[in-house]
Amino acid sequence: MKLIALSVGTIVAILPMGAAQMQHSPTSNSFRRIEQPLPLKISVVLGGLTLIGAELWWFLGRKQQQQQASQINGVQEVLIAVDGGYRPDRIVVVAGEPVRLSFDRVDRNSCLDELLIPDFGISTRLPIGQTTTVEFIPTKAGEYAFSCGMRMFRGVIEVKPKASIG
């Protein structure tokens, strides 16, 4: 038995379709092509391309916000806001000196629950409304990535040799 659903305003009725109606329906097992107007097709394609472009910009093209670490009592310190990502998301430090990064999380996005800095063996939780501090000593110059647990939000720690920072 086949059912037909009819909707009128907010009232929905499900009516059984009679056997005679099913036998005489030539399109019961095939799809019927619905032609759409050209402007609608063009707007759907442009909307899709816009969304693809926005995603590529979000994950690949955003400019990084760079900040040089401040020296406080022999420790390089940076406060990083965790709100829709990391700000700043590029930290510049000097090799061979202790680094203290303080992550102040205000974003409720569950992706930002965890912080990963794999090159320094750091994996820690970032509770909402709290500042979490991580400390390490970079020994070699280079760029070291940090990210959220899902690796959607990322940043870079740029370690420069001691002689190159003035």
# chains A, B, ... in the order shown; residues from 1 in each chain; ligands from 1
>>> residues_around(residues="segment 145-153 of chain A", least_positions_apart="3", cutoff="7 Å", atoms="only C-alpha atoms", output="ChimeraX atom specification")
/A:85,111-112,114-117,156-157
>>> residues_around(residues="Arg100 of chain A", least_positions_apart="3", cutoff="9 Å", atoms="only C-alpha atoms", output="JSON, numbers by chain")
{"A": [69, 75, 76, 77, 78, 79, 133, 134, 135, 136, 137]}
>>> residues_around(residues="Tyr86 of chain A", least_positions_apart="5", cutoff="8 Å", atoms="only C-alpha atoms", output="MDAnalysis selection string")
chainID A and resid 80:81 153:155
>>> write_last_selection(atoms="N, CA, C and O atoms", output="PDB file, in the first residue's frame")
ATOM      1  N   ILE A  80      47.999  34.896  24.811  1.00  0.00           N
ATOM      2  CA  ILE A  80      47.297  34.535  23.585  1.00  0.00           C
ATOM      3  C   ILE A  80      45.811  34.407  23.886  1.00  0.00           C
ATOM      4  O   ILE A  80      45.414  33.626  24.754  1.00  0.00           O
ATOM      5  N   ALA A  81      44.986  35.178  23.186  1.00  0.00           N
ATOM      6  CA  ALA A  81      43.532  35.088  23.332  1.00  0.00           C
ATOM      7  C   ALA A  81      43.034  33.919  22.495  1.00  0.00           C
ATOM      8  O   ALA A  81      43.399  33.773  21.335  1.00  0.00           O
ATOM      9  N   PHE A 153      42.193  24.978  14.188  1.00  0.00           N
ATOM     10  CA  PHE A 153      42.739  26.292  14.506  1.00  0.00           C
ATOM     11  C   PHE A 153      44.224  26.098  14.779  1.00  0.00           C
ATOM     12  O   PHE A 153      44.603  25.235  15.572  1.00  0.00           O
ATOM     13  N   ARG A 154      45.056  26.921  14.120  1.00  0.00           N
ATOM     14  CA  ARG A 154      46.494  26.706  14.201  1.00  0.00           C
ATOM     15  C   ARG A 154      47.242  28.008  14.446  1.00  0.00           C
ATOM     16  O   ARG A 154      46.730  29.083  14.177  1.00  0.00           O
ATOM     17  N   GLY A 155      48.470  27.829  14.894  1.00  0.00           N
ATOM     18  CA  GLY A 155      49.381  28.946  15.064  1.00  0.00           C
ATOM     19  C   GLY A 155      50.798  28.446  14.900  1.00  0.00           C
ATOM     20  O   GLY A 155      51.038  27.245  14.752  1.00  0.00           O
TER      21      GLY A 155
END
>>> select_by_dssp(residues="segment 38-128 of chain A", states="helix (DSSP H, G or I)", output="PyMOL selection string")
chain A and resi 38-61+110-113+118-120
>>> closest_residue(among="A:Leu40, A:Leu56, A:Val93, A:Val82", to="Pro138 of chain A", atoms="only C-alpha atoms")
A:Val93
>>> closest_residue(among="A:Leu101, A:Glu143, A:Thr131, A:Arg32", to="Asp119 of chain A", atoms="only C-alpha atoms")
A:Glu143
>>> atom_distance(atom1="atom CA of Ser70 of chain A", atom2="atom CA of Ser110 of chain A")
29.8 Å
>>> atom_distance(atom1="atom CA of Val92 of chain A", atom2="atom CA of Gly142 of chain A")
10.2 Å
>>> residues_around(residues="Gln67 of chain A", least_positions_apart="6", cutoff="7 Å", atoms="only C-alpha atoms", output="list in words")
Pro88, Arg90, Ile91 and Val92 of chain A
>>> select_by_dssp(residues="segment 2-159 of chain A", states="strand (DSSP E or B)", output="PyMOL selection string")
chain A and resi 2-8+11-17+66-68+70-72+75-82+86-87+90-94+99-105+114-117+122-125+131-136+142-148+154-159
>>> atom_distance(atom1="atom CA of Phe120 of chain A", atom2="atom CA of Thr139 of chain A")
10.1 Å
>>> closest_residue(among="A:Asp89, A:Glu97, A:Asp104, A:Glu158", to="Gly74 of chain A", atoms="only C-alpha atoms")
A:Glu97
>>> closest_residue(among="A:Lys140, A:Arg105, A:Arg33, A:Lys41", to="Pro161 of chain A", atoms="only C-alpha atoms")
A:Lys140
